[in-house]
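Okay, final_16.csv now, which holds CSV, C-alpha atoms and all ligand atoms:
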chain,number,residue,atom,x,y,z
Y,31,MET,CA,99.8,86.6,64.2
Y,32,SER,CA,100.6,83.4,66.1
Y,33,GLY,CA,98.9,80.1,65.3
Y,34,GLY,CA,95.2,79.7,66.3
Y,35,ILE,CA,91.8,79.1,64.8
Y,36,ALA,CA,91.0,82.8,65.5
Y,37,ALA,CA,93.6,83.7,62.8
Y,38,TYR,CA,90.7,84.1,60.3
Y,39,LYS,CA,89.4,87.0,62.4
Y,40,SER,CA,92.7,88.8,61.9
Y,41,ALA,CA,91.9,89.2,58.2
Y,42,GLU,CA,89.0,91.4,59.2
Y,43,LEU,CA,91.2,93.3,61.7
Y,44,VAL,CA,93.7,94.1,58.9
Y,45,ARG,CA,90.8,95.3,56.7
Y,46,LEU,CA,89.3,97.5,59.4
Y,47,LEU,CA,92.7,99.0,60.4
Y,48,ARG,CA,93.4,99.9,56.8
Y,49,LYS,CA,89.9,101.4,56.4
Y,50,GLN,CA,90.8,103.7,59.3
Y,51,GLY,CA,93.9,104.8,57.4
Y,52,ALA,CA,96.5,102.6,59.1
Y,53,ASP,CA,99.5,101.2,57.1
Y,54,VAL,CA,99.6,97.5,58.1
Y,55,ARG,CA,102.4,95.0,57.8
Y,56,VAL,CA,101.7,91.4,58.8
Y,57,VAL,CA,104.1,89.1,60.5
Y,58,MET,CA,103.0,85.4,60.8
Y,59,THR,CA,104.6,82.6,62.7
Y,60,PRO,CA,104.9,79.3,60.8
Y,61,ALA,CA,101.9,77.9,62.8
Y,62,ALA,CA,99.8,81.0,61.8
Y,63,THR,CA,100.4,80.2,58.1
Y,64,GLU,CA,98.8,76.8,58.7
Y,65,PHE,CA,95.5,78.4,59.5
Y,66,VAL,CA,95.3,81.2,56.9
Y,67,ARG,CA,97.5,81.6,53.9
Y,68,PRO,CA,99.9,84.6,53.8
Y,69,LEU,CA,98.5,85.6,50.4
Y,70,THR,CA,95.2,86.6,52.1
Y,71,PHE,CA,97.0,89.0,54.3
Y,72,GLN,CA,99.2,90.3,51.5
Y,73,ALA,CA,96.1,91.2,49.5
Y,74,LEU,CA,94.3,92.8,52.5
Y,75,SER,CA,97.3,94.7,53.8
Y,76,GLY,CA,98.7,95.7,50.4
Y,77,ASN,CA,102.2,94.8,51.7
Y,78,PRO,CA,104.3,91.6,51.6
Y,79,VAL,CA,103.8,89.3,54.5
Y,80,HIS,CA,106.8,88.5,56.7
Y,81,THR,CA,107.1,84.9,57.9
Y,82,SER,CA,110.8,84.1,58.3
Y,83,LEU,CA,113.6,85.3,60.4
Y,84,LEU,CA,116.3,83.5,58.5
Y,85,ASP,CA,115.3,84.2,54.9
Y,86,ALA,CA,118.1,86.4,53.5
Y,87,ASP,CA,115.9,88.0,50.8
Y,88,ALA,CA,113.2,88.9,53.2
Y,89,GLU,CA,115.7,90.3,55.7
Y,90,ASN,CA,117.2,92.4,53.0
Y,91,ALA,CA,113.8,93.8,52.0
Y,92,MET,CA,112.8,94.6,55.6
Y,93,GLY,CA,114.3,92.6,58.4
Y,94,HIS,CA,113.2,92.3,62.0
Y,95,ILE,CA,115.0,95.5,63.2
Y,96,ALA,CA,113.7,97.5,60.3
Y,97,LEU,CA,110.2,96.3,61.0
Y,98,ALA,CA,110.6,97.1,64.7
Y,99,ARG,CA,111.7,100.6,63.8
Y,100,TRP,CA,108.9,101.1,61.3
Y,101,ALA,CA,106.0,100.1,63.5
Y,102,GLN,CA,104.3,102.7,65.7
Y,103,LEU,CA,102.3,100.0,67.3
Y,104,LEU,CA,102.5,96.2,67.5
Y,105,ILE,CA,99.3,94.1,67.9
Y,106,ILE,CA,99.6,90.4,68.2
Y,107,ALA,CA,96.3,88.8,67.3
Y,108,PRO,CA,95.7,86.0,67.8
Y,109,ALA,CA,98.2,85.5,70.7
Y,110,SER,CA,98.4,81.8,71.6
Y,111,ALA,CA,99.3,80.4,75.0
Y,112,ASP,CA,102.7,79.3,73.6
Y,113,LEU,CA,103.3,82.8,72.3
Y,114,LEU,CA,102.5,84.5,75.6
Y,115,ALA,CA,104.9,82.0,77.3
Y,116,LYS,CA,107.7,82.8,74.9
Y,117,LEU,CA,107.2,86.6,75.1
Y,118,SER,CA,107.1,86.5,78.9
Y,119,HIS,CA,110.4,84.8,79.0
Y,120,GLY,CA,112.2,86.7,76.3
Y,121,LEU,CA,112.6,83.8,73.9
Y,122,ALA,CA,113.2,84.9,70.4
Y,123,ASP,CA,113.4,81.9,68.0
Y,124,ASP,CA,111.2,83.2,65.2
Y,125,LEU,CA,110.4,86.6,63.5
Y,126,LEU,CA,107.5,87.5,65.6
Y,127,THR,CA,109.1,86.9,69.0
Y,128,THR,CA,112.3,88.6,67.8
Y,129,LEU,CA,110.3,91.6,66.6
Y,130,TYR,CA,108.6,91.9,70.0
Y,131,LEU,CA,112.1,92.0,71.7
Y,132,ALA,CA,113.3,94.6,69.2
Y,133,ALA,CA,110.2,96.8,69.3
Y,134,ASN,CA,110.1,100.0,71.2
Y,135,CYS,CA,106.5,100.9,70.4
Y,136,PRO,CA,103.4,100.1,72.5
Y,137,VAL,CA,102.6,96.4,72.3
Y,138,TYR,CA,99.1,94.9,72.5
Y,139,VAL,CA,98.1,91.3,72.5
Y,140,ALA,CA,94.7,89.7,71.8
Y,141,PRO,CA,94.9,86.3,73.4
Y,142,ALA,CA,92.9,83.4,71.8
Y,143,MET,CA,92.9,79.9,73.3
Y,144,ASN,CA,90.8,77.3,74.9
Y,145,GLN,CA,89.3,78.5,78.1
Y,146,ALA,CA,91.1,75.8,80.2
Y,147,MET,CA,94.4,76.9,78.7
Y,148,TRP,CA,93.7,80.6,79.5
Y,149,GLY,CA,92.7,79.6,83.0
Y,150,LYS,CA,95.9,77.6,83.7
Y,151,PRO,CA,98.0,79.2,86.5
Y,152,VAL,CA,101.1,79.2,84.2
Y,153,THR,CA,99.3,81.1,81.4
Y,154,GLN,CA,97.9,83.6,84.0
Y,155,GLU,CA,101.4,84.0,85.4
Y,156,ASN,CA,102.8,84.7,81.9
Y,157,ALA,CA,100.1,87.2,81.2
Y,158,GLY,CA,100.7,88.9,84.5
Y,159,ARG,CA,104.5,89.1,83.7
Y,160,LEU,CA,103.7,90.6,80.3
Y,161,LYS,CA,101.3,93.2,81.8
Y,162,SER,CA,104.0,94.2,84.3
Y,163,HIS,CA,106.3,94.7,81.4
Y,164,GLY,CA,103.7,97.1,79.9
Y,165,VAL,CA,102.1,94.8,77.3
Y,166,GLN,CA,98.4,95.8,77.0
Y,167,PHE,CA,95.8,93.0,76.8
Y,168,ILE,CA,92.7,93.3,74.7
Y,169,GLY,CA,90.4,90.4,75.8
Y,170,PRO,CA,90.1,87.5,75.8
Y,171,GLN,CA,86.3,87.5,75.7
Y,172,ALA,CA,83.9,85.0,77.1
Y,173,GLY,CA,81.7,83.0,74.8
Y,174,GLU,CA,81.5,79.9,72.7
Y,175,GLN,CA,84.8,78.5,71.4
Y,176,ALA,CA,85.8,76.7,68.3
Y,177,CYS,CA,86.3,73.5,70.3
Y,178,GLY,CA,82.8,73.6,71.7
Y,179,ASP,CA,83.7,74.8,75.2
Y,180,ILE,CA,82.2,77.9,76.6
Y,181,GLY,CA,84.3,80.3,78.7
Y,182,LEU,CA,86.9,83.0,78.7
Y,183,GLY,CA,89.4,82.5,75.8
Y,184,ARG,CA,87.8,83.8,72.6
Y,185,MET,CA,89.8,86.4,70.7
Y,186,ALA,CA,88.2,89.9,71.0
Y,187,GLU,CA,86.2,90.9,68.0
Y,188,PRO,CA,88.1,92.7,65.3
Y,189,GLU,CA,85.9,95.8,65.6
Y,190,ASP,CA,86.6,96.1,69.3
Y,191,ILE,CA,90.4,95.6,68.8
Y,192,CYS,CA,90.4,98.2,66.1
Y,193,ARG,CA,88.5,100.7,68.3
Y,194,TYR,CA,90.8,100.0,71.2
Y,195,LEU,CA,94.0,100.5,69.2
Y,196,LEU,CA,92.9,103.7,67.6
Y,197,ALA,CA,91.4,105.2,70.8
Y,198,PRO,CA,93.1,108.4,71.7
Y,199,ALA,CA,95.8,108.0,74.4
Y,200,SER,CA,94.4,110.9,76.3
Y,201,GLY,CA,90.8,111.6,75.5
Y,202,PRO,CA,88.5,114.2,77.3
Y,203,LEU,CA,87.4,111.4,79.7
Y,204,GLN,CA,90.8,110.0,80.5
Y,205,GLY,CA,90.7,108.2,83.9
Y,206,VAL,CA,87.0,109.2,84.4
Y,207,LYS,CA,84.7,106.4,85.7
Y,208,VAL,CA,81.5,106.1,83.7
Y,209,LEU,CA,78.6,103.8,84.4
Y,210,VAL,CA,76.0,103.3,81.7
Y,211,SER,CA,72.7,101.5,81.8
Y,212,ALA,CA,71.3,100.1,78.5
Y,213,GLY,CA,68.6,98.0,76.9
Y,214,PRO,CA,65.1,97.1,78.1
Y,215,THR,CA,64.1,95.3,81.3
Y,216,ARG,CA,62.0,92.2,81.4
Y,217,GLU,CA,59.3,91.9,84.0
Y,218,PRO,CA,58.1,88.3,84.5
Y,219,LEU,CA,54.3,87.6,84.7
Y,220,ASP,CA,54.8,83.9,85.4
Y,221,PRO,CA,57.6,81.4,84.5
Y,222,VAL,CA,56.9,81.7,80.8
Y,223,ARG,CA,55.7,85.3,80.1
Y,224,TYR,CA,57.1,88.7,80.6
Y,225,ILE,CA,56.4,92.4,79.9
Y,226,THR,CA,59.2,94.3,78.1
Y,227,ASN,CA,59.6,97.2,75.6
Y,228,ARG,CA,61.1,97.9,72.2
Y,229,SER,CA,64.5,99.2,73.4
Y,230,SER,CA,67.3,97.5,71.4
Y,231,GLY,CA,70.2,98.8,73.6
Y,232,LYS,CA,72.0,100.2,70.6
Y,233,MET,CA,72.1,103.8,72.0
Y,234,GLY,CA,73.4,102.7,75.4
Y,235,TYR,CA,76.0,100.4,73.9
Y,236,ALA,CA,77.1,103.1,71.5
Y,237,ILE,CA,77.4,105.5,74.5
Y,238,ALA,CA,79.5,103.0,76.5
Y,239,LEU,CA,81.8,102.6,73.5
Y,240,ALA,CA,82.1,106.3,72.9
Y,241,ALA,CA,83.0,106.9,76.5
Y,242,ALA,CA,85.7,104.2,76.4
Y,243,GLY,CA,87.0,105.7,73.2
Y,244,MET,CA,87.4,109.0,75.1
Y,245,GLY,CA,89.6,107.3,77.7
Y,246,ALA,CA,86.9,106.5,80.4
Y,247,GLN,CA,86.8,103.4,82.5
Y,248,VAL,CA,83.4,102.1,81.6
Y,249,ALA,CA,81.0,99.7,83.3
Y,250,LEU,CA,77.7,98.8,81.5
Y,251,VAL,CA,74.6,97.4,83.2
Y,252,SER,CA,72.6,95.9,80.5
Y,253,GLY,CA,69.1,94.4,80.1
Y,254,PRO,CA,68.6,91.5,77.6
Y,255,VAL,CA,69.8,92.7,74.2
Y,256,GLN,CA,71.2,91.1,71.0
Y,257,LEU,CA,74.4,93.0,71.2
Y,258,GLU,CA,78.0,92.0,71.9
Y,259,ALA,CA,79.8,94.0,74.6
Y,260,PRO,CA,83.1,95.5,73.6
Y,261,ALA,CA,86.1,93.9,75.2
Y,262,GLN,CA,87.3,97.0,77.1
Y,263,ILE,CA,83.9,97.5,78.8
Y,264,ARG,CA,82.9,95.7,82.1
Y,265,LEU,CA,79.5,94.2,81.4
Y,266,ILE,CA,77.0,93.4,84.2
Y,267,LYS,CA,73.9,91.6,82.8
Y,268,VAL,CA,70.5,92.0,84.4
Y,269,GLU,CA,66.9,91.2,83.5
Y,270,THR,CA,64.4,93.0,85.7
Y,271,ALA,CA,64.1,96.6,86.8
Y,272,ALA,CA,64.7,95.5,90.4
Y,273,GLN,CA,67.9,93.7,89.3
Y,274,MET,CA,69.0,96.8,87.4
Y,275,TYR,CA,68.3,99.0,90.4
Y,276,THR,CA,70.5,96.7,92.6
Y,277,ALA,CA,73.3,96.5,90.1
Y,278,VAL,CA,73.4,100.2,89.4
Y,279,MET,CA,73.2,101.2,93.0
Y,280,SER,CA,76.0,98.9,94.0
Y,281,GLU,CA,78.2,100.4,91.3
Y,282,ALA,CA,77.1,104.1,91.4
Y,283,SER,CA,78.8,105.6,94.4
Y,284,GLY,CA,82.3,105.1,93.0
Y,285,GLN,CA,81.4,106.6,89.6
Y,286,ASP,CA,82.1,110.0,88.2
Y,287,ILE,CA,79.3,109.9,85.6
Y,288,TYR,CA,76.1,107.9,85.4
Y,289,ILE,CA,74.3,107.7,82.0
Y,290,GLY,CA,70.9,106.1,82.3
Y,291,ALA,CA,70.1,105.0,78.8
Y,292,ALA,CA,68.1,101.9,79.7
Y,293,ALA,CA,64.4,101.8,79.1
Y,294,VAL,CA,63.5,100.6,82.6
Y,295,ALA,CA,60.0,99.3,83.2
Y,296,ASP,CA,58.0,101.8,85.2
Y,297,TYR,CA,55.6,99.1,86.4
Y,298,SER,CA,56.1,95.5,87.2
Y,299,PRO,CA,53.6,92.7,88.0
Y,300,GLU,CA,53.9,90.4,90.9
Y,301,ALA,CA,55.2,87.2,89.1
Y,302,ALA,CA,53.1,84.1,89.6
Y,303,THR,CA,55.1,81.1,90.5
Y,304,GLU,CA,53.1,78.9,88.2
Y,305,LYS,CA,51.9,79.5,84.6
Y,306,ILE,CA,48.7,81.6,84.6
Y,307,LYS,CA,45.8,79.6,83.2
Y,308,LYS,CA,43.4,80.8,80.5
Y,309,GLN,CA,40.0,81.6,81.9
Y,310,ASP,CA,36.7,83.0,80.6
Y,311,GLY,CA,36.2,86.8,80.5
Y,312,GLN,CA,38.7,89.5,81.3
Y,313,SER,CA,41.9,89.1,83.3
Y,314,LEU,CA,43.1,91.9,85.4
Y,315,LEU,CA,46.8,92.6,85.8
Y,316,VAL,CA,48.0,94.5,88.9
Y,317,LEU,CA,51.2,96.4,88.3
Y,318,TYR,CA,53.4,97.9,91.0
Y,319,LYS,CA,55.6,101.0,90.4
Y,320,THR,CA,59.3,100.2,90.1
Y,321,GLN,CA,62.0,102.3,91.8
Y,322,ASP,CA,63.3,105.1,89.7
Y,323,ILE,CA,67.0,104.2,89.3
Y,324,LEU,CA,68.0,107.5,87.7
Y,325,ALA,CA,66.4,109.6,90.5
Y,326,ALA,CA,68.0,107.4,93.1
Y,327,VAL,CA,71.5,107.9,91.6
Y,328,ALA,CA,71.0,111.6,91.4
Y,329,ALA,CA,70.0,111.7,95.1
Y,330,LEU,CA,73.2,110.1,96.3
Y,331,THR,CA,75.7,112.3,98.2
Y,332,PRO,CA,78.0,112.8,96.5
Y,333,ALA,CA,76.2,112.0,93.3
Y,334,PRO,CA,77.9,111.2,90.0
Y,335,PHE,CA,77.3,113.6,87.1
Y,336,THR,CA,73.9,112.2,86.2
Y,337,VAL,CA,72.5,112.0,82.7
Y,338,GLY,CA,69.0,110.8,81.9
Y,339,PHE,CA,67.1,110.0,78.8
Y,340,ALA,CA,63.5,110.9,77.9
Y,341,ALA,CA,61.8,109.1,75.1
Y,342,GLU,CA,58.6,111.0,74.3
Y,343,THR,CA,55.7,110.8,71.8
Y,344,ASP,CA,54.6,114.4,72.6
Y,345,ASN,CA,55.6,117.6,74.3
Y,346,LEU,CA,59.2,116.6,74.2
Y,347,GLU,CA,60.8,119.7,75.5
Y,348,GLN,CA,58.3,120.3,78.3
Y,349,TYR,CA,58.5,116.7,79.6
Y,350,ALA,CA,62.3,116.6,79.3
Y,351,ILE,CA,62.9,119.8,81.2
Y,352,GLY,CA,60.3,118.6,83.8
Y,353,LYS,CA,62.3,115.4,84.3
Y,354,LEU,CA,65.6,117.3,84.5
Y,355,GLN,CA,64.3,119.4,87.3
Y,356,HIS,CA,62.2,116.8,89.1
Y,357,LYS,CA,64.8,114.1,89.1
Y,358,LYS,CA,67.6,116.6,89.9
Y,359,LEU,CA,69.7,115.6,86.9
Y,360,ASP,CA,72.8,117.3,85.4
Y,361,MET,CA,71.6,116.6,81.9
Y,362,ILE,CA,68.9,115.0,79.9
Y,363,ALA,CA,68.8,113.7,76.3
Y,364,ALA,CA,65.4,113.6,74.8
Y,365,ASN,CA,64.2,111.9,71.7
Y,366,TRP,CA,61.0,111.4,69.8
Y,367,VAL,CA,59.7,107.8,69.8
Y,368,GLY,CA,56.8,106.3,67.8
Y,369,GLN,CA,57.8,108.2,64.7
Y,370,GLU,CA,59.0,106.8,61.3
Y,371,THR,CA,62.7,107.5,61.8
Y,372,GLY,CA,64.9,107.3,64.9
Y,373,GLY,CA,64.1,106.0,68.3
Y,374,PHE,CA,64.0,102.5,69.8
Y,375,ASP,CA,64.8,99.9,67.2
Y,376,SER,CA,66.6,102.1,64.7
Y,377,ASP,CA,70.3,102.6,64.0
Y,378,GLN,CA,69.7,106.3,63.8
Y,379,ASN,CA,68.5,108.8,66.3
Y,380,ALA,CA,68.3,112.6,67.0
Y,381,LEU,CA,68.6,114.1,70.4
Y,382,GLN,CA,67.5,117.3,72.1
Y,383,VAL,CA,69.9,117.8,75.1
Y,384,PHE,CA,69.0,120.0,78.1
Y,385,TRP,CA,71.0,121.0,81.1
Y,386,PRO,CA,70.2,123.5,83.8
Y,387,THR,CA,71.7,126.4,81.9
Y,388,GLY,CA,71.4,125.5,78.3
Y,389,GLN,CA,70.4,123.1,75.5
Y,390,LYS,CA,71.6,121.8,72.2
Y,391,THR,CA,70.1,119.9,69.3
Y,392,LEU,CA,72.0,116.9,67.9
Y,393,ALA,CA,70.6,116.2,64.4
Y,394,MET,CA,69.5,112.8,63.1
Y,395,ALA,CA,72.7,110.6,62.8
Y,396,ASP,CA,74.0,107.1,63.2
Y,397,LYS,CA,73.8,106.2,66.9
Y,398,HIS,CA,77.6,105.8,67.1
Y,399,LEU,CA,78.2,109.3,65.7
Y,400,LEU,CA,75.5,110.7,67.9
Y,401,ALA,CA,76.9,108.9,71.0
Y,402,GLY,CA,80.2,110.6,70.3
Y,403,GLN,CA,78.6,114.1,70.1
Y,404,LEU,CA,76.6,113.5,73.3
Y,405,LEU,CA,79.7,112.3,75.2
Y,406,GLY,CA,81.5,115.4,74.0
Y,407,LEU,CA,78.8,117.5,75.6
Y,408,ILE,CA,78.8,115.4,78.7
Y,409,ALA,CA,82.6,115.7,79.1
Y,410,GLU,CA,82.4,119.5,78.7
Y,411,ARG,CA,79.6,119.9,81.3
Y,412,PHE,CA,81.2,117.4,83.6
Y,413,HIS,CA,84.5,119.2,83.6
Y,414,SER,CA,82.9,122.6,84.1
Y,415,THR,CA,80.6,121.6,86.9
Y,416,ARG,CA,83.0,119.1,88.7
Y,417,PRO,CA,86.4,120.8,88.3
Y,501,LIG,O1,60.5,109.2,83.8
Y,501,LIG,P1,61.0,108.5,82.6
Y,501,LIG,O2,60.8,107.0,82.8
Y,501,LIG,O3,60.5,108.9,81.3
Y,501,LIG,O4,62.5,108.8,82.6
Y,501,LIG,C1,63.4,108.2,81.7
Y,501,LIG,C2,64.8,108.2,82.3
Y,501,LIG,O5,64.7,107.6,83.6
Y,501,LIG,C3,65.7,107.3,81.6
Y,501,LIG,O6,67.0,107.8,81.7
Y,501,LIG,C4,65.6,105.9,82.3
Y,501,LIG,O7,66.8,105.2,82.2
Y,501,LIG,C5,65.3,106.4,83.7
Y,501,LIG,N1,64.5,105.5,84.6
Y,501,LIG,C6,65.1,104.8,85.6
Y,501,LIG,N2,64.3,104.0,86.4
Y,501,LIG,C7,63.0,103.8,86.2
Y,501,LIG,C8,62.4,104.5,85.1
Y,501,LIG,C9,63.2,105.3,84.3
Y,501,LIG,O8,66.3,105.0,85.8
Y,501,LIG,N3,62.3,103.0,87.0
How does the structure come out when it is put into structure tokens?
Amino acid sequence: MSGGIAAYKSAELVRLLRKQGADVRVVMTPAATEFVRPLTFQALSGNPVHTSLLDADAENAMGHIALARWAQLLIIAPASADLLAKLSHGLADDLLTTLYLAANCPVYVAPAMNQAMWGKPVTQENAGRLKSHGVQFIGPQAGEQACGDIGLGRMAEPEDICRYLLAPASGPLQGVKVLVSAGPTREPLDPVRYITNRSSGKMGYAIALAAAGMGAQVALVSGPVQLEAPAQIRLIKVETAAQMYTAVMSEASGQDIYIGAAAVADYSPEAATEKIKKQDGQSLLVLYKTQDILAAVAALTPAPFTVGFAAETDNLEQYAIGKLQHKKLDMIAANWVGQETGGFDSDQNALQVFWPTGQKTLAMADKHLLAGQLLGLIAERFHSTRP
């Protein structure tokens, strides 16, 4: 850890890594110890914290060379602008920078700094040099900063860093390009009102994350949701079905797999430019059919391996197979909605998956677990149909 206000997030990172079975040793620069006390990290890691290069006792117990040999992976979080500058120029005037020089294992950094500091050409040059030396960057993320600024510079969330670090080096979707759509769409009626649906986006986000965990390069087109996008996923935010159509179609042709998990509005009103006034009696709303994004992707030549979703309140199998055939999909994942468990707002779901030559039931489970199972099926079918 180098010094930065994001140091408090590293406590959670240590906790998460240990929960996943990792043995963690924490090295802090003197500046890092000004933000969070070493004792916190000693308690969380279950190991003594290393802070000094020139402390004879500490060096006897486990010096910088021993630490460098011990580690299978080095993650520097937070990585300050100063630290990136030092690393990129080979300076080694404290334990952390010396450890970096001595380490032979993969090195990751999670930068955290004010957005203007991250944007400065010299910081970008330093980051570029480190990337060319094989250092892998996790983040930074965009968002609100401790100093009140908004922009790119926040440290990636501990959950995202943890997933990224523990992702397999060669998963079943290594190098495969995956495009996912998620969440609801919002169809404006007038400047203040809109029609939407109960999709939370949880399933689509879990799918995007599971694909990244299997080594895929993931882009996520998302309607308005209350979820944070993981650092390693390229996020494209949209609101309406028409915007989602444009975003997906401009991305789709270069993709290997498209997974349409968004709950796209089937109909959209013509938005009034001024607020619709209350009046006596009934008010009629004219709705126009939106374009079917999924069918449009499946009709591309060549088309990516195309996976759709079918949320049904009745005749699940019949409707799902109908959509698989009618939209010319490679696979469809169907789930019941409007029932007590699973579906739209829930953290859990169950899926009935169909493809032209088979089907499989994925039992009720946490959406993250289920996403992993679904991606396993998709990877298998993708490789057997697009060798
Ligand atoms: O036909 P239905 O809307 O039930 O099909 C659901 C599937 O089609 C989902 O994968 C959804 O993302 C996709 N869809 C779409 N564009 C629409 C409507 C649905 O891509 N306009």
Counting only C-alpha atoms and all ligand atoms, the option among Y:Asn379, Y:Thr387, Y:Thr276, Y:Gln285 closest to ligand LIG 501 (chain Y):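 Checking each candidate against ligand LIG 501 (chain Y), we get Y:Thr276 as the closest.
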query: Hey, which of Y:Asp220, Y:Lys267, Y:Ser229, Y:Thr331 ends up closest to Y:Asp377? Count only C-alpha atoms.
result: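 The shortest atom-to-atom distance to Y:Asp377 comes from Y:Ser229.
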Pairwise distance for atom CA of Y:Lys308 and atom CA of Y:Thr320, rounded to one decimal in Å: 26.9 Å
field: Distance query 9 Å from (63.2, 107.7, 75.5) using only C-alpha atoms, result as a VMD selection string
entry: chain Y and resid 229 291 to 293 339 to 343 363 to 367 373 to 374
Using all atoms listed in the file, find each residue in chain Y having at least one atom no more than 8 Å away from ligand LIG 501 (chain Y); report its shortest atom-to-atom pair and that distance in Å (one decimal), rows by chain then rising number, as a tab-separated table.
residue	atom	partner	partner_atom	distance
Y:Ser211	CA	Y:LIG501	O7	7.0
Y:Ala212	CA	Y:LIG501	O7	7.7
Y:Ala271	CA	Y:LIG501	N3	6.7
Y:Tyr275	CA	Y:LIG501	N2	7.5
Y:Ile289	CA	Y:LIG501	O6	7.3
Y:Gly290	CA	Y:LIG501	O7	4.2
Y:Ala291	CA	Y:LIG501	O7	4.7
Y:Ala292	CA	Y:LIG501	O7	4.3
Y:Ala293	CA	Y:LIG501	O7	5.2
Y:Val294	CA	Y:LIG501	C8	4.8
Y:Ala295	CA	Y:LIG501	N3	5.8
Y:Asp296	CA	Y:LIG501	N3	4.8
Y:Tyr297	CA	Y:LIG501	N3	7.8
Y:Lys319	CA	Y:LIG501	N3	7.8
Y:Thr320	CA	Y:LIG501	N3	5.1
Y:Gln321	CA	Y:LIG501	N3	4.9
Y:Asp322	CA	Y:LIG501	N3	3.6
Y:Ile323	CA	Y:LIG501	O8	3.7
Y:Leu324	CA	Y:LIG501	O8	3.6
Y:Ala325	CA	Y:LIG501	O8	6.6
Y:Ala326	CA	Y:LIG501	O8	7.9
Y:Val337	CA	Y:LIG501	O6	7.0
Y:Gly338	CA	Y:LIG501	O6	3.6
Y:Phe339	CA	Y:LIG501	O6	3.6
Y:Ala340	CA	Y:LIG501	C1	4.7
Y:Ala341	CA	Y:LIG501	O3	6.3
Y:Glu342	CA	Y:LIG501	O3	7.6
Y:Lys353	CA	Y:LIG501	O1	6.5
Y:Ile362	CA	Y:LIG501	O6	7.7
message: Excluding Y:Leu117 and its own-chain neighbours fewer than 3 positions away, which residues fall within 8 Å of it when counting only C-alpha atoms? Please give them as an MDAnalysis selection string.
response: chainID Y and resid 113:114 120:122 127 130 160
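Closest to Y:Val56 among Y:Ile408, Y:Ala395, Y:Ala101, Y:Ala36 is Y:Ala101, based on all atoms listed in the file.
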Give me, as a Markdown table, each residue of stretch 146-214 of chain Y that comes within 10 Å of stretch 38-48 of chain Y, together with its shortest interatomic pair and the distance in Å at one decimal, counting all atoms listed in the file, with rows ordered by chain and rising residue number.
| residue | atom | partner | partner_atom | distance |
| --- | --- | --- | --- | --- |
| Y:Met185 | CA | Y:Lys39 | CA | 8.3 |
| Y:Ala186 | CA | Y:Lys39 | CA | 9.2 |
| Y:Glu187 | CA | Y:Lys39 | CA | 7.5 |
| Y:Pro188 | CA | Y:Leu43 | CA | 4.8 |
| Y:Glu189 | CA | Y:Leu43 | CA | 7.0 |
| Y:Asp190 | CA | Y:Leu43 | CA | 9.3 |
| Y:Ile191 | CA | Y:Leu43 | CA | 7.5 |
| Y:Cys192 | CA | Y:Leu47 | CA | 6.2 |
| Y:Arg193 | CA | Y:Leu47 | CA | 9.1 |
| Y:Leu195 | CA | Y:Leu47 | CA | 9.0 |
| Y:Leu196 | CA | Y:Leu47 | CA | 8.6 |
- request: Quick one: everything within 12 Å of Y:Val268, counting all atoms listed in the file, minus sequence neighbours fewer than 4 positions away in the same chain. Send it as a count of residues only.
  value: 22
Since the input is missing atoms for stretch 139-148 of chain Y, could you rebuild it with N, CA and C atoms and give the result as a CSV table (one decimal), in the coordinates of the input?
chain,number,residue,atom,x,y,z
Y,139,VAL,N,98.3,92.7,72.9
Y,139,VAL,CA,98.1,91.3,72.5
Y,139,VAL,C,96.6,91.0,72.7
Y,140,ALA,N,96.1,90.2,71.7
Y,140,ALA,CA,94.7,89.7,71.8
Y,140,ALA,C,94.7,88.2,72.0
Y,141,PRO,N,94.7,87.7,73.2
Y,141,PRO,CA,94.9,86.3,73.4
Y,141,PRO,C,93.7,85.5,72.8
Y,142,ALA,N,94.0,84.3,72.4
Y,142,ALA,CA,92.9,83.4,71.8
Y,142,ALA,C,93.4,82.0,72.1
Y,143,MET,N,92.6,81.3,72.9
Y,143,MET,CA,92.9,79.9,73.3
Y,143,MET,C,91.7,79.3,74.0
Y,144,ASN,N,91.8,78.0,74.1
Y,144,ASN,CA,90.8,77.3,74.9
Y,144,ASN,C,90.7,77.8,76.3
Y,145,GLN,N,89.5,77.8,76.8
Y,145,GLN,CA,89.3,78.5,78.1
Y,145,GLN,C,90.1,77.8,79.3
Y,146,ALA,N,90.3,76.5,79.2
Y,146,ALA,CA,91.1,75.8,80.2
Y,146,ALA,C,92.6,76.3,80.1
Y,147,MET,N,93.1,76.5,78.9
Y,147,MET,CA,94.4,76.9,78.7
Y,147,MET,C,94.6,78.3,79.2
Y,148,TRP,N,93.6,79.2,79.0
Y,148,TRP,CA,93.7,80.6,79.5
Y,148,TRP,C,93.7,80.6,81.0
